[in-house]
file entry-v2.cif (mmCIF, C-alpha atoms)
data_work
#
loop_
_atom_site.label_atom_id
_atom_site.label_comp_id
_atom_site.auth_asym_id
_atom_site.auth_seq_id
_atom_site.Cartn_x
_atom_site.Cartn_y
_atom_site.Cartn_z
CA MET C 1329 6.71 -11.27 15.02
CA LEU C 1330 8.76 -8.64 13.20
CA LYS C 1331 12.00 -10.42 14.08
CA ARG C 1332 10.72 -13.68 12.56
CA ALA C 1333 9.45 -12.02 9.39
CA THR C 1334 12.30 -9.60 8.68
CA MET C 1335 14.65 -9.72 5.71
CA PRO C 1336 18.41 -9.81 6.43
CA ASP C 1337 18.54 -5.99 6.24
CA ARG C 1338 15.73 -5.65 8.84
CA THR C 1339 13.03 -4.84 6.30
CA VAL C 1340 9.46 -6.08 6.68
CA ILE C 1341 6.46 -5.78 4.39
CA LEU C 1342 3.37 -4.43 6.15
CA THR C 1343 -0.30 -4.21 5.32
CA MET C 1344 -3.41 -3.49 7.40
CA VAL C 1345 -6.84 -5.10 7.18
CA ASP C 1346 -10.13 -5.19 9.04
CA GLU C 1347 -13.00 -7.67 8.86
CA SER C 1348 -14.32 -6.28 5.57
CA LEU C 1349 -10.94 -6.90 3.92
CA ALA C 1350 -10.12 -10.25 5.54
CA SER C 1351 -12.72 -12.90 4.74
CA PRO C 1352 -13.14 -15.61 2.06
CA GLY C 1353 -12.93 -13.98 -1.36
CA SER C 1354 -11.67 -10.71 0.10
CA LEU C 1355 -8.84 -8.35 -0.83
CA LEU C 1356 -6.49 -10.09 1.59
CA GLN C 1357 -6.97 -13.40 -0.21
CA ILE C 1358 -6.29 -11.73 -3.57
CA LEU C 1359 -3.19 -9.97 -2.22
CA LEU C 1360 -1.71 -13.24 -0.95
CA LYS C 1361 -2.52 -14.96 -4.24
CA SER C 1362 -0.68 -12.22 -6.14
CA PHE C 1363 2.46 -12.84 -4.09
CA LYS C 1364 2.30 -16.50 -5.09
CA SER C 1365 1.65 -15.68 -8.76
CA GLY C 1366 4.20 -12.91 -9.34
CA GLU C 1367 7.74 -12.81 -10.68
CA GLY C 1368 10.18 -13.05 -7.79
CA THR C 1369 7.45 -12.39 -5.22
CA GLN C 1370 6.93 -15.88 -3.81
CA ARG C 1371 9.77 -15.53 -1.30
CA LEU C 1372 8.62 -12.04 -0.29
CA VAL C 1373 5.38 -13.33 1.22
CA ASN C 1374 7.57 -14.80 3.98
CA HIS C 1375 8.38 -11.23 5.02
CA LEU C 1376 4.78 -9.97 5.00
CA VAL C 1377 3.30 -8.96 8.37
CA ILE C 1378 -0.44 -8.32 8.41
CA ILE C 1379 -1.88 -5.91 10.98
CA ALA C 1380 -5.42 -7.06 11.86
CA MET C 1381 -7.61 -4.24 13.11
CA ASP C 1382 -10.26 -6.45 14.69
CA LEU C 1383 -10.57 -9.98 16.07
CA GLN C 1384 -12.47 -11.36 13.07
CA ALA C 1385 -9.76 -10.15 10.71
CA PHE C 1386 -7.07 -11.68 12.92
CA GLN C 1387 -8.79 -15.07 13.02
CA TYR C 1388 -9.19 -15.23 9.25
CA CYS C 1389 -5.68 -13.89 8.65
CA SER C 1390 -4.21 -16.56 10.92
CA SER C 1391 -5.90 -19.27 8.86
CA LEU C 1392 -3.99 -18.09 5.76
CA HIS C 1393 -0.71 -16.60 6.91
CA PRO C 1394 1.80 -17.16 9.75
CA TYR C 1395 2.52 -13.50 10.50
CA CYS C 1396 -0.67 -11.79 11.68
CA ILE C 1397 -0.64 -9.32 14.56
CA HIS C 1398 -3.49 -9.56 17.05
CA PRO C 1399 -5.57 -6.38 17.57
CA SER C 1400 -5.05 -6.55 21.34
CA ILE C 1401 -1.78 -4.66 20.84
CA PHE C 1402 -3.82 -1.60 19.81
CA PRO C 1403 -5.79 0.72 22.08
CA ARG C 1404 -9.38 -0.35 22.62
CA HIS C 1405 -10.91 2.27 20.32
CA PHE C 1406 -8.72 1.07 17.44
CA ALA C 1407 -9.16 -2.66 18.04
CA THR C 1408 -12.96 -2.50 18.09
CA LYS C 1409 -13.26 -0.37 14.98
CA THR C 1410 -15.56 -2.06 12.44
CA GLN C 1411 -15.78 0.53 9.69
CA SER C 1412 -13.97 -0.47 6.51
CA ILE C 1413 -10.48 0.98 6.28
CA MET C 1414 -10.79 1.37 2.51
CA THR C 1415 -13.13 4.33 2.85
CA THR C 1416 -12.81 7.97 1.94
CA SER C 1417 -10.19 10.39 3.20
CA ALA C 1418 -12.62 11.49 5.91
CA ASP C 1419 -11.70 8.35 7.83
CA LYS C 1420 -9.16 10.16 10.00
CA LEU C 1421 -9.14 7.48 12.68
CA PHE C 1422 -7.56 4.82 10.51
CA THR C 1423 -5.31 7.31 8.72
CA TRP C 1424 -3.64 8.16 11.99
CA THR C 1425 -3.70 4.59 13.26
CA LYS C 1426 -1.66 3.70 10.18
CA LYS C 1427 0.82 6.43 10.99
CA ASP C 1428 1.02 5.18 14.57
CA VAL C 1429 1.86 1.68 13.31
CA LEU C 1430 4.56 3.03 10.99
CA PHE C 1431 6.01 5.05 13.87
CA GLU C 1432 6.14 2.05 16.21
CA VAL C 1433 7.78 -0.24 13.65
CA ILE C 1434 10.39 2.42 12.84
CA ARG C 1435 10.98 2.91 16.57
CA LEU C 1436 11.78 -0.81 16.82
CA GLY C 1437 14.39 -0.40 14.07
CA TYR C 1438 12.67 -2.11 11.11
CA ASN C 1439 12.51 -0.70 7.59
CA ILE C 1440 9.03 -0.87 6.10
CA ILE C 1441 7.64 -1.67 2.70
CA PHE C 1442 4.02 -0.71 3.18
CA THR C 1443 1.43 -2.06 0.78
CA ASP C 1444 -2.27 -1.32 0.74
CA PRO C 1445 -4.38 -4.50 0.64
CA ASP C 1446 -5.87 -3.54 -2.75
CA VAL C 1447 -2.47 -3.83 -4.46
CA LEU C 1448 -1.43 -6.77 -6.64
CA TRP C 1449 2.26 -7.67 -6.54
CA LEU C 1450 3.16 -8.69 -10.09
CA ARG C 1451 6.94 -8.39 -9.74
CA SER C 1452 9.35 -7.81 -6.91
CA PRO C 1453 9.54 -4.01 -6.45
CA LEU C 1454 12.67 -4.08 -4.29
CA ILE C 1455 14.87 -2.76 -7.10
CA ASN C 1456 12.99 0.55 -6.90
CA PHE C 1457 13.74 1.18 -3.23
CA ASN C 1458 17.00 2.97 -2.51
CA PRO C 1459 17.93 2.51 1.18
CA ILE C 1460 19.93 5.75 1.09
CA ASN C 1461 16.67 7.71 1.24
CA GLU C 1462 14.25 7.76 4.15
CA LEU C 1463 11.20 7.48 1.88
CA THR C 1464 10.72 6.01 -1.58
CA ILE C 1465 7.28 6.60 -3.04
CA SER C 1466 5.44 7.00 -6.34
CA CYS C 1467 3.10 10.00 -6.47
CA ASN C 1468 0.65 10.84 -9.22
CA VAL C 1469 -1.78 13.65 -9.94
CA LEU C 1470 -5.42 13.02 -10.77
CA SER C 1471 -7.79 15.62 -12.14
CA ASN C 1472 -11.13 15.60 -10.38
CA GLY C 1473 -13.12 17.87 -12.67
CA GLU C 1474 -14.42 21.03 -11.05
CA ARG C 1475 -12.90 20.01 -7.71
CA GLY C 1476 -9.43 20.47 -9.16
CA SER C 1477 -6.67 17.89 -8.87
CA TYR C 1478 -5.16 15.95 -6.02
CA LEU C 1479 -2.09 13.86 -5.27
CA TYR C 1480 -2.29 10.15 -4.57
CA ASP C 1481 0.23 7.39 -4.02
CA GLU C 1482 0.18 4.03 -5.80
CA GLY C 1483 -0.48 2.01 -2.66
CA ILE C 1484 3.12 1.09 -1.89
CA PHE C 1485 6.14 2.85 -0.42
CA PHE C 1486 9.44 2.17 1.37
CA LEU C 1487 10.27 3.79 4.70
CA LYS C 1488 13.74 3.57 6.20
CA ALA C 1489 14.17 3.11 9.95
CA ASN C 1490 16.66 5.61 11.30
CA THR C 1491 16.80 8.63 13.60
CA ILE C 1492 15.72 11.02 10.85
CA SER C 1493 12.57 9.04 10.05
CA PHE C 1494 11.80 8.61 13.73
CA GLU C 1495 12.05 12.34 14.43
CA PHE C 1496 10.00 13.25 11.36
CA PHE C 1497 7.20 10.85 12.30
CA ASN C 1498 7.37 12.03 15.90
CA TYR C 1499 6.73 15.56 14.64
CA TRP C 1500 3.92 14.21 12.44
CA LYS C 1501 2.23 12.62 15.47
CA LEU C 1502 2.65 15.80 17.47
CA THR C 1503 0.90 17.89 14.81
CA LYS C 1504 -2.14 15.63 15.10
CA ILE C 1505 -2.37 16.43 18.80
CA LEU C 1506 -1.80 20.17 18.33
CA TYR C 1507 -3.92 20.51 15.18
CA PRO C 1508 -6.61 17.79 15.27
CA ASN C 1509 -8.55 19.38 12.39
CA ASP C 1510 -5.55 19.62 10.08
CA PRO C 1511 -6.82 18.56 6.61
CA VAL C 1512 -3.46 17.21 5.44
CA GLU C 1513 -4.18 13.51 5.74
CA GLU C 1514 -5.54 12.30 2.40
CA SER C 1515 -2.35 10.54 1.31
CA LEU C 1516 1.30 10.35 2.20
CA CYS C 1517 2.07 12.19 -1.06
CA THR C 1518 -0.15 15.09 -0.02
CA THR C 1519 1.40 15.17 3.44
CA ILE C 1520 4.93 15.27 2.05
CA LYS C 1521 4.04 18.05 -0.37
CA GLU C 1522 2.40 20.16 2.33
CA ARG C 1523 5.27 19.57 4.78
CA GLN C 1524 8.24 19.59 2.41
CA ASP C 1525 9.90 22.39 4.40
CA ILE C 1526 9.65 20.30 7.59
CA ALA C 1527 11.05 17.25 5.78
CA ASP C 1528 13.99 19.35 4.58
CA THR C 1529 14.57 20.65 8.11
CA TYR C 1530 14.86 17.11 9.46
CA GLY C 1531 16.94 15.95 6.50
CA PHE C 1532 14.15 13.54 5.54
CA ARG C 1533 15.20 12.48 2.03
CA ILE C 1534 12.50 11.49 -0.44
CA GLN C 1535 12.92 9.57 -3.68
CA HIS C 1536 10.02 9.80 -6.13
CA VAL C 1537 9.78 6.67 -8.29
CA ASN C 1538 8.56 6.98 -11.87
CA THR C 1539 4.80 6.46 -11.91
CA SER C 1540 5.16 4.01 -14.79
CA SER C 1541 6.68 1.49 -12.35
CA PHE C 1542 3.58 1.27 -10.15
CA GLY C 1543 0.22 1.06 -11.90
CA GLY C 1544 -3.38 1.51 -10.94
CA PHE C 1545 -6.89 1.94 -12.21
CA CYS C 1546 -6.51 5.73 -12.16
CA GLN C 1547 -4.01 5.60 -15.04
CA LEU C 1548 -4.58 2.65 -17.34
CA ASN C 1549 -2.04 1.49 -19.88
CA LYS C 1550 -2.36 -1.46 -22.26
CA ASP C 1551 1.32 -2.29 -21.63
CA MET C 1552 1.02 -2.39 -17.85
CA PHE C 1553 1.78 -6.10 -17.60
CA ARG C 1554 5.08 -5.51 -19.36
CA GLU C 1555 6.12 -2.50 -17.29
CA VAL C 1556 4.71 -2.32 -13.78
CA TYR C 1557 5.67 -4.01 -10.54
CA THR C 1558 2.33 -3.55 -8.82
CA ILE C 1559 -1.25 -2.61 -9.74
CA GLN C 1560 -3.62 -0.91 -7.30
CA ALA C 1561 -7.41 -0.75 -7.49
CA ASN C 1562 -7.42 3.00 -6.92
CA CYS C 1563 -10.08 5.36 -8.29
CA CYS C 1564 -12.59 2.84 -7.00
CA ASP C 1565 -14.60 3.48 -3.84
CA ASP C 1566 -16.72 0.33 -3.76
CA LEU C 1567 -15.14 -2.67 -2.05
CA LYS C 1568 -17.07 -5.29 -4.03
CA SER C 1569 -16.01 -3.61 -7.27
CA LYS C 1570 -12.38 -3.71 -6.17
CA VAL C 1571 -12.57 -7.43 -5.45
CA HIS C 1572 -14.35 -8.15 -8.73
CA ASP C 1573 -11.91 -6.22 -10.92
CA LEU C 1574 -8.72 -7.28 -9.12
CA ASN C 1575 -9.70 -10.91 -9.60
CA ILE C 1576 -9.91 -10.24 -13.33
CA VAL C 1577 -6.52 -8.49 -13.32
CA LEU C 1578 -4.93 -11.38 -11.46
CA ASP C 1579 -6.44 -13.97 -13.80
CA ASP C 1580 -5.18 -12.01 -16.81
CA TRP C 1581 -1.73 -11.67 -15.23
CA ILE C 1582 -1.50 -15.42 -14.70
CA ARG C 1583 -2.56 -16.00 -18.33
CA PHE C 1584 -0.04 -13.40 -19.49
CA ARG C 1585 2.81 -15.11 -17.62
CA LYS C 1586 1.90 -18.46 -19.14
CA GLY C 1587 2.06 -16.96 -22.62
CA ALA C 1588 5.01 -14.66 -21.95
CA SER C 1589 7.28 -16.71 -24.20
CA GLU C 1590 5.30 -15.39 -27.17
CA ASP C 1591 6.44 -11.93 -28.27
CA ASN C 1592 2.91 -10.78 -28.94
CA ALA C 1593 1.33 -12.42 -25.87
CA LEU C 1594 0.02 -9.11 -24.57
CA ASP C 1595 -1.26 -8.01 -27.97
CA LYS C 1596 -3.58 -11.00 -27.99
CA MET C 1597 -5.11 -9.94 -24.66
CA ALA C 1598 -7.69 -7.19 -24.61
CA LEU C 1599 -7.75 -5.02 -21.49
CA ARG C 1600 -10.75 -6.47 -19.63
CA TRP C 1601 -10.51 -4.27 -16.58
CA PRO C 1602 -11.68 -2.33 -14.80
CA GLN C 1603 -15.27 -3.39 -15.30
CA LYS C 1604 -17.11 -2.33 -12.16
CA CYS C 1605 -14.59 0.30 -11.09
CA SER C 1606 -14.84 3.43 -13.21
CA ARG C 1607 -12.40 3.83 -16.08
CA ARG C 1608 -10.27 6.96 -15.92
CA ASN C 1609 -7.37 7.83 -18.22
CA HIS C 1610 -6.58 5.06 -20.65
CA THR C 1611 -3.52 5.09 -22.91
#
call {"tool": "encode", "arguments": {"input": "entry-v2.cif", "output": "structure tokens"}}
result
Amino acid sequence: MLKRATMPDRTVILTMVDESLASPGSLLQILLKSFKSGEGTQRLVNHLVIIAMDLQAFQYCSSLHPYCIHPSIFPRHFATKTQSIMTTSADKLFTWTKKDVLFEVIRLGYNIIFTDPDVLWLRSPLINFNPINELTISCNVLSNGERGSYLYDEGIFFLKANTISFEFFNYWKLTKILYPNDPVEESLCTTIKERQDIADTYGFRIQHVNTSSFGGFCQLNKDMFREVYTIQANCCDDLKSKVHDLNIVLDDWIRFRKGASEDNALDKMALRWPQKCSRRNHT
């Protein structure tokens, strides 16, 4: 599957879904539609491999896309998991399943562009990924009131397949076995920050992309359509709200592209989203 979907440089685009994310009108359908509606993204959908975490997700995925991986390749306790994978950071099972998938794909020698299913691809982001580095990621900080602040990624990153990445992820897997209650698992950005000394020891090079290149609901900007490559429905815990608001974003993006020849096309469009997801910082 990976061999058929790979780019010439052995790079594949990966995402992971379960039944709650792969059904008519779901996030998977919106994600695929964004590939077809973006600038320079239509060809990239041919390199997208979708990991289905249960049989229902696989069946629906296969009706839409040629590159869906059947859950039978996963251990039984992963394949039968029915809880939504877009839940809170307490969902350690999927967090580490994701890391296992990344490890296996790297082991097979394929570079990875990983995208969360709640990300819209507006433009091809490939220009942001420097293959010299093992990891290219955009990290942002969000204040959470009295709870302090936390790091989050923008739902997309590039991971290079080489010996350094393999050894770093092998260490990462080992720490889960040795320290099963380790709290460092909220996001890849948090993990990298907490283990920067280990990354340096392995020579694991990290490139941090400007957060203005990858947008999301956590940090709204009226010029996002002009600037960003992707938009994620982050800062939104409810799945139905994600679907509702991402549909609005995608509709507005399509309207924006049709009127892009007008210099003030964006000025004529009021920011209609998010509606059901909570609004955070808005500039």
call {"tool": "closest_residue", "arguments": {"input": "entry-v2.cif", "among": "C:Leu1356, C:Val1469, C:Cys1396, C:Ile1341", "to": "Asn1439 of chain C", "atoms": "all atoms listed in the file"}}
result
C:Ile1341
call {"tool": "residues_around", "arguments": {"input": "entry-v2.cif", "residues": "Asn1468 of chain C", "least_positions_apart": "2", "cutoff": "7 Å", "atoms": "only C-alpha atoms", "output": "PyMOL selection string"}}
result
chain C and resi 1466+1470+1479-1481+1539
call {"tool": "resolve_selection", "arguments": {"input": "entry-v2.cif", "expression": "the PyMOL selection byres ((chain C and resi 1552) around 12)", "output": "ChimeraX atom specification"}}
result
/C:1450-1451,1539-1545,1547-1551,1553-1560,1577,1580-1581,1584,1594-1595,1597,1599,1601,1610-1611
call {"tool": "write_last_selection", "arguments": {"input": "entry-v2.cif", "atoms": "C-alpha atoms", "output": "mmCIF file, in the frame of the given file"}}
result
data_model
loop_
_atom_site.group_PDB
_atom_site.id
_atom_site.type_symbol
_atom_site.label_atom_id
_atom_site.label_comp_id
_atom_site.auth_asym_id
_atom_site.auth_seq_id
_atom_site.Cartn_x
_atom_site.Cartn_y
_atom_site.Cartn_z
ATOM 1 C CA LEU C 1450 3.160 -8.690 -10.090
ATOM 2 C CA ARG C 1451 6.940 -8.390 -9.740
ATOM 3 C CA THR C 1539 4.800 6.460 -11.910
ATOM 4 C CA SER C 1540 5.160 4.010 -14.790
ATOM 5 C CA SER C 1541 6.680 1.490 -12.350
ATOM 6 C CA PHE C 1542 3.580 1.270 -10.150
ATOM 7 C CA GLY C 1543 0.220 1.060 -11.900
ATOM 8 C CA GLY C 1544 -3.380 1.510 -10.940
ATOM 9 C CA PHE C 1545 -6.890 1.940 -12.210
ATOM 10 C CA GLN C 1547 -4.010 5.600 -15.040
ATOM 11 C CA LEU C 1548 -4.580 2.650 -17.340
ATOM 12 C CA ASN C 1549 -2.040 1.490 -19.880
ATOM 13 C CA LYS C 1550 -2.360 -1.460 -22.260
ATOM 14 C CA ASP C 1551 1.320 -2.290 -21.630
ATOM 15 C CA PHE C 1553 1.780 -6.100 -17.600
ATOM 16 C CA ARG C 1554 5.080 -5.510 -19.360
ATOM 17 C CA GLU C 1555 6.120 -2.500 -17.290
ATOM 18 C CA VAL C 1556 4.710 -2.320 -13.780
ATOM 19 C CA TYR C 1557 5.670 -4.010 -10.540
ATOM 20 C CA THR C 1558 2.330 -3.550 -8.820
ATOM 21 C CA ILE C 1559 -1.250 -2.610 -9.740
ATOM 22 C CA GLN C 1560 -3.620 -0.910 -7.300
ATOM 23 C CA VAL C 1577 -6.520 -8.490 -13.320
ATOM 24 C CA ASP C 1580 -5.180 -12.010 -16.810
ATOM 25 C CA TRP C 1581 -1.730 -11.670 -15.230
ATOM 26 C CA PHE C 1584 -0.040 -13.400 -19.490
ATOM 27 C CA LEU C 1594 0.020 -9.110 -24.570
ATOM 28 C CA ASP C 1595 -1.260 -8.010 -27.970
ATOM 29 C CA MET C 1597 -5.110 -9.940 -24.660
ATOM 30 C CA LEU C 1599 -7.750 -5.020 -21.490
ATOM 31 C CA TRP C 1601 -10.510 -4.270 -16.580
ATOM 32 C CA HIS C 1610 -6.580 5.060 -20.650
ATOM 33 C CA THR C 1611 -3.520 5.090 -22.910
#
call {"tool": "atom_distance", "arguments": {"input": "entry-v2.cif", "atom1": "atom CA of Leu1376 of chain C", "atom2": "atom CA of Trp1449 of chain C"}}
result
12.0 Å
call {"tool": "closest_residue", "arguments": {"input": "entry-v2.cif", "among": "C:Pro1394, C:Gly1368, C:Gly1353, C:Gly1437", "to": "Ile1455 of chain C", "atoms": "all atoms listed in the file"}}
result
C:Gly1368
call {"tool": "resolve_selection", "arguments": {"input": "entry-v2.cif", "expression": "the PyMOL selection byres ((chain C and resi 1523) around 12)", "output": "CSV table (one decimal) with C-alpha atoms, in the frame of the given file"}}
result
chain,number,residue,atom,x,y,z
C,1496,PHE,CA,10.0,13.2,11.4
C,1497,PHE,CA,7.2,10.8,12.3
C,1499,TYR,CA,6.7,15.6,14.6
C,1500,TRP,CA,3.9,14.2,12.4
C,1503,THR,CA,0.9,17.9,14.8
C,1512,VAL,CA,-3.5,17.2,5.4
C,1513,GLU,CA,-4.2,13.5,5.7
C,1516,LEU,CA,1.3,10.4,2.2
C,1517,CYS,CA,2.1,12.2,-1.1
C,1518,THR,CA,-0.2,15.1,0.0
C,1519,THR,CA,1.4,15.2,3.4
C,1520,ILE,CA,4.9,15.3,2.0
C,1521,LYS,CA,4.0,18.0,-0.4
C,1522,GLU,CA,2.4,20.2,2.3
C,1524,GLN,CA,8.2,19.6,2.4
C,1525,ASP,CA,9.9,22.4,4.4
C,1526,ILE,CA,9.6,20.3,7.6
C,1527,ALA,CA,11.0,17.2,5.8
C,1528,ASP,CA,14.0,19.4,4.6
C,1529,THR,CA,14.6,20.6,8.1
C,1530,TYR,CA,14.9,17.1,9.5
C,1532,PHE,CA,14.2,13.5,5.5
call {"tool": "closest_residue", "arguments": {"input": "entry-v2.cif", "among": "C:Pro1453, C:Ser1351, C:Val1345, C:Asp1565", "to": "Tyr1388 of chain C", "atoms": "only C-alpha atoms"}}
result
C:Ser1351
call {"tool": "residues_near_point", "arguments": {"input": "entry-v2.cif", "point": "(15.5, 12.5, -7.6)", "cutoff": "12 Å", "atoms": "all atoms listed in the file", "output": "list in words"}}
result
Asn1458, Ile1460, Asn1461, Leu1463, Thr1464, Ile1465, Ser1466, Arg1533, Ile1534, Gln1535, His1536, Val1537 and Asn1538 of chain C
call {"tool": "residues_around", "arguments": {"input": "entry-v2.cif", "residues": "Ala1350 of chain C", "least_positions_apart": "4", "cutoff": "8 Å", "atoms": "all atoms listed in the file", "output": "list in words"}}
result
Val1345, Asp1346, Ser1354, Leu1355, Leu1356, Gln1357, Gln1384, Ala1385, Tyr1388 and Cys1389 of chain C
call {"tool": "write_last_selection", "arguments": {"input": "entry-v2.cif", "atoms": "C-alpha atoms", "output": "CSV table (one decimal), keeping the file's coordinate frame"}}
result
chain,number,residue,atom,x,y,z
C,1345,VAL,CA,-6.8,-5.1,7.2
C,1346,ASP,CA,-10.1,-5.2,9.0
C,1354,SER,CA,-11.7,-10.7,0.1
C,1355,LEU,CA,-8.8,-8.4,-0.8
C,1356,LEU,CA,-6.5,-10.1,1.6
C,1357,GLN,CA,-7.0,-13.4,-0.2
C,1384,GLN,CA,-12.5,-11.4,13.1
C,1385,ALA,CA,-9.8,-10.2,10.7
C,1388,TYR,CA,-9.2,-15.2,9.2
C,1389,CYS,CA,-5.7,-13.9,8.6
call {"tool": "closest_residue", "arguments": {"input": "entry-v2.cif", "among": "C:Glu1347, C:Asp1446, C:Glu1495, C:Asp1337", "to": "Leu1574 of chain C", "atoms": "all atoms listed in the file"}}
result
C:Asp1446
call {"tool": "atom_distance", "arguments": {"input": "entry-v2.cif", "atom1": "atom CA of Thr1369 of chain C", "atom2": "atom CA of Lys1426 of chain C"}}
result
24.1 Å
call {"tool": "atom_distance", "arguments": {"input": "entry-v2.cif", "atom1": "atom CA of Val1377 of chain C", "atom2": "atom CA of Lys1488 of chain C"}}
result
16.5 Å
call {"tool": "residues_around", "arguments": {"input": "entry-v2.cif", "residues": "Gln1603 of chain C", "least_positions_apart": "3", "cutoff": "10 Å", "atoms": "only C-alpha atoms", "output": "PDB file with C-alpha atoms, in the coordinates of the input"}}
result
ATOM      1  CA  SER C1569     -16.010  -3.610  -7.270  1.00  0.00           C
ATOM      2  CA  LYS C1570     -12.380  -3.710  -6.170  1.00  0.00           C
ATOM      3  CA  HIS C1572     -14.350  -8.150  -8.730  1.00  0.00           C
ATOM      4  CA  ASP C1573     -11.910  -6.220 -10.920  1.00  0.00           C
ATOM      5  CA  LEU C1574      -8.720  -7.280  -9.120  1.00  0.00           C
ATOM      6  CA  ILE C1576      -9.910 -10.240 -13.330  1.00  0.00           C
ATOM      7  CA  LEU C1599      -7.750  -5.020 -21.490  1.00  0.00           C
ATOM      8  CA  ARG C1600     -10.750  -6.470 -19.630  1.00  0.00           C
ATOM      9  CA  SER C1606     -14.840   3.430 -13.210  1.00  0.00           C
ATOM     10  CA  ARG C1607     -12.400   3.830 -16.080  1.00  0.00           C
TER      11      ARG C1607
END
call {"tool": "build_atoms", "arguments": {"input": "entry-v2.cif", "residues": "segment 1599-1605 of chain C", "atoms": "all heavy atoms", "output": "PDB file, keeping the file's coordinate frame"}}
result
ATOM      1  N   LEU C1599      -7.696  -5.505 -22.861  1.00  0.00           N
ATOM      2  CA  LEU C1599      -7.750  -5.020 -21.490  1.00  0.00           C
ATOM      3  C   LEU C1599      -9.169  -5.174 -20.978  1.00  0.00           C
ATOM      4  O   LEU C1599     -10.067  -4.439 -21.364  1.00  0.00           O
ATOM      5  CB  LEU C1599      -7.313  -3.556 -21.437  1.00  0.00           C
ATOM      6  CG  LEU C1599      -6.968  -2.991 -20.066  1.00  0.00           C
ATOM      7  CD1 LEU C1599      -5.757  -3.704 -19.471  1.00  0.00           C
ATOM      8  CD2 LEU C1599      -6.695  -1.497 -20.160  1.00  0.00           C
ATOM      9  N   ARG C1600      -9.392  -6.147 -20.098  1.00  0.00           N
ATOM     10  CA  ARG C1600     -10.750  -6.470 -19.630  1.00  0.00           C
ATOM     11  C   ARG C1600     -11.132  -5.732 -18.357  1.00  0.00           C
ATOM     12  O   ARG C1600     -12.235  -5.921 -17.847  1.00  0.00           O
ATOM     13  CB  ARG C1600     -10.870  -7.982 -19.376  1.00  0.00           C
ATOM     14  CG  ARG C1600     -10.607  -8.860 -20.585  1.00  0.00           C
ATOM     15  CD  ARG C1600     -11.028 -10.290 -20.281  1.00  0.00           C
ATOM     16  NE  ARG C1600     -10.280 -10.833 -19.145  1.00  0.00           N
ATOM     17  CZ  ARG C1600     -10.803 -11.675 -18.245  1.00  0.00           C
ATOM     18  NH1 ARG C1600     -12.082 -12.017 -18.334  1.00  0.00           N
ATOM     19  NH2 ARG C1600     -10.058 -12.149 -17.255  1.00  0.00           N
ATOM     20  N   TRP C1601     -10.274  -4.909 -17.865  1.00  0.00           N
ATOM     21  CA  TRP C1601     -10.510  -4.270 -16.580  1.00  0.00           C
ATOM     22  C   TRP C1601     -10.058  -2.823 -16.628  1.00  0.00           C
ATOM     23  O   TRP C1601      -9.242  -2.449 -17.475  1.00  0.00           O
ATOM     24  CB  TRP C1601      -9.724  -5.020 -15.481  1.00  0.00           C
ATOM     25  CG  TRP C1601      -8.340  -5.434 -15.898  1.00  0.00           C
ATOM     26  CD1 TRP C1601      -7.966  -6.612 -16.476  1.00  0.00           C
ATOM     27  CD2 TRP C1601      -7.141  -4.650 -15.801  1.00  0.00           C
ATOM     28  NE1 TRP C1601      -6.620  -6.609 -16.744  1.00  0.00           N
ATOM     29  CE2 TRP C1601      -6.092  -5.430 -16.344  1.00  0.00           C
ATOM     30  CE3 TRP C1601      -6.845  -3.383 -15.323  1.00  0.00           C
ATOM     31  CZ2 TRP C1601      -4.776  -4.978 -16.414  1.00  0.00           C
ATOM     32  CZ3 TRP C1601      -5.539  -2.928 -15.386  1.00  0.00           C
ATOM     33  CH2 TRP C1601      -4.514  -3.728 -15.929  1.00  0.00           C
ATOM     34  N   PRO C1602     -10.634  -1.985 -15.758  1.00  0.00           N
ATOM     35  CA  PRO C1602     -11.680  -2.330 -14.800  1.00  0.00           C
ATOM     36  C   PRO C1602     -13.049  -2.460 -15.455  1.00  0.00           C
ATOM     37  O   PRO C1602     -13.287  -1.872 -16.508  1.00  0.00           O
ATOM     38  CB  PRO C1602     -11.664  -1.167 -13.808  1.00  0.00           C
ATOM     39  CG  PRO C1602     -11.161  -0.022 -14.616  1.00  0.00           C
ATOM     40  CD  PRO C1602     -10.196  -0.576 -15.611  1.00  0.00           C
ATOM     41  N   GLN C1603     -13.906  -3.227 -14.833  1.00  0.00           N
ATOM     42  CA  GLN C1603     -15.270  -3.390 -15.300  1.00  0.00           C
ATOM     43  C   GLN C1603     -16.258  -2.665 -14.397  1.00  0.00           C
ATOM     44  O   GLN C1603     -17.044  -1.839 -14.850  1.00  0.00           O
ATOM     45  CB  GLN C1603     -15.630  -4.881 -15.387  1.00  0.00           C
ATOM     46  CG  GLN C1603     -14.882  -5.633 -16.468  1.00  0.00           C
ATOM     47  CD  GLN C1603     -15.310  -7.089 -16.566  1.00  0.00           C
ATOM     48  OE1 GLN C1603     -16.231  -7.536 -15.873  1.00  0.00           O
ATOM     49  NE2 GLN C1603     -14.637  -7.850 -17.421  1.00  0.00           N
ATOM     50  N   LYS C1604     -16.189  -2.966 -13.106  1.00  0.00           N
ATOM     51  CA  LYS C1604     -17.110  -2.330 -12.160  1.00  0.00           C
ATOM     52  C   LYS C1604     -16.536  -1.041 -11.578  1.00  0.00           C
ATOM     53  O   LYS C1604     -17.285  -0.145 -11.211  1.00  0.00           O
ATOM     54  CB  LYS C1604     -17.461  -3.308 -11.036  1.00  0.00           C
ATOM     55  CG  LYS C1604     -18.275  -4.502 -11.530  1.00  0.00           C
ATOM     56  CD  LYS C1604     -18.864  -5.289 -10.376  1.00  0.00           C
ATOM     57  CE  LYS C1604     -19.804  -6.374 -10.879  1.00  0.00           C
ATOM     58  NZ  LYS C1604     -20.459  -7.105  -9.767  1.00  0.00           N
ATOM     59  N   CYS C1605     -15.218  -0.970 -11.481  1.00  0.00           N
ATOM     60  CA  CYS C1605     -14.590   0.300 -11.090  1.00  0.00           C
ATOM     61  C   CYS C1605     -14.603   1.211 -12.306  1.00  0.00           C
ATOM     62  O   CYS C1605     -14.464   0.747 -13.442  1.00  0.00           O
ATOM     63  CB  CYS C1605     -13.151   0.067 -10.621  1.00  0.00           C
ATOM     64  SG  CYS C1605     -13.005  -0.910  -9.110  1.00  0.00           S
TER      65      CYS C1605
END
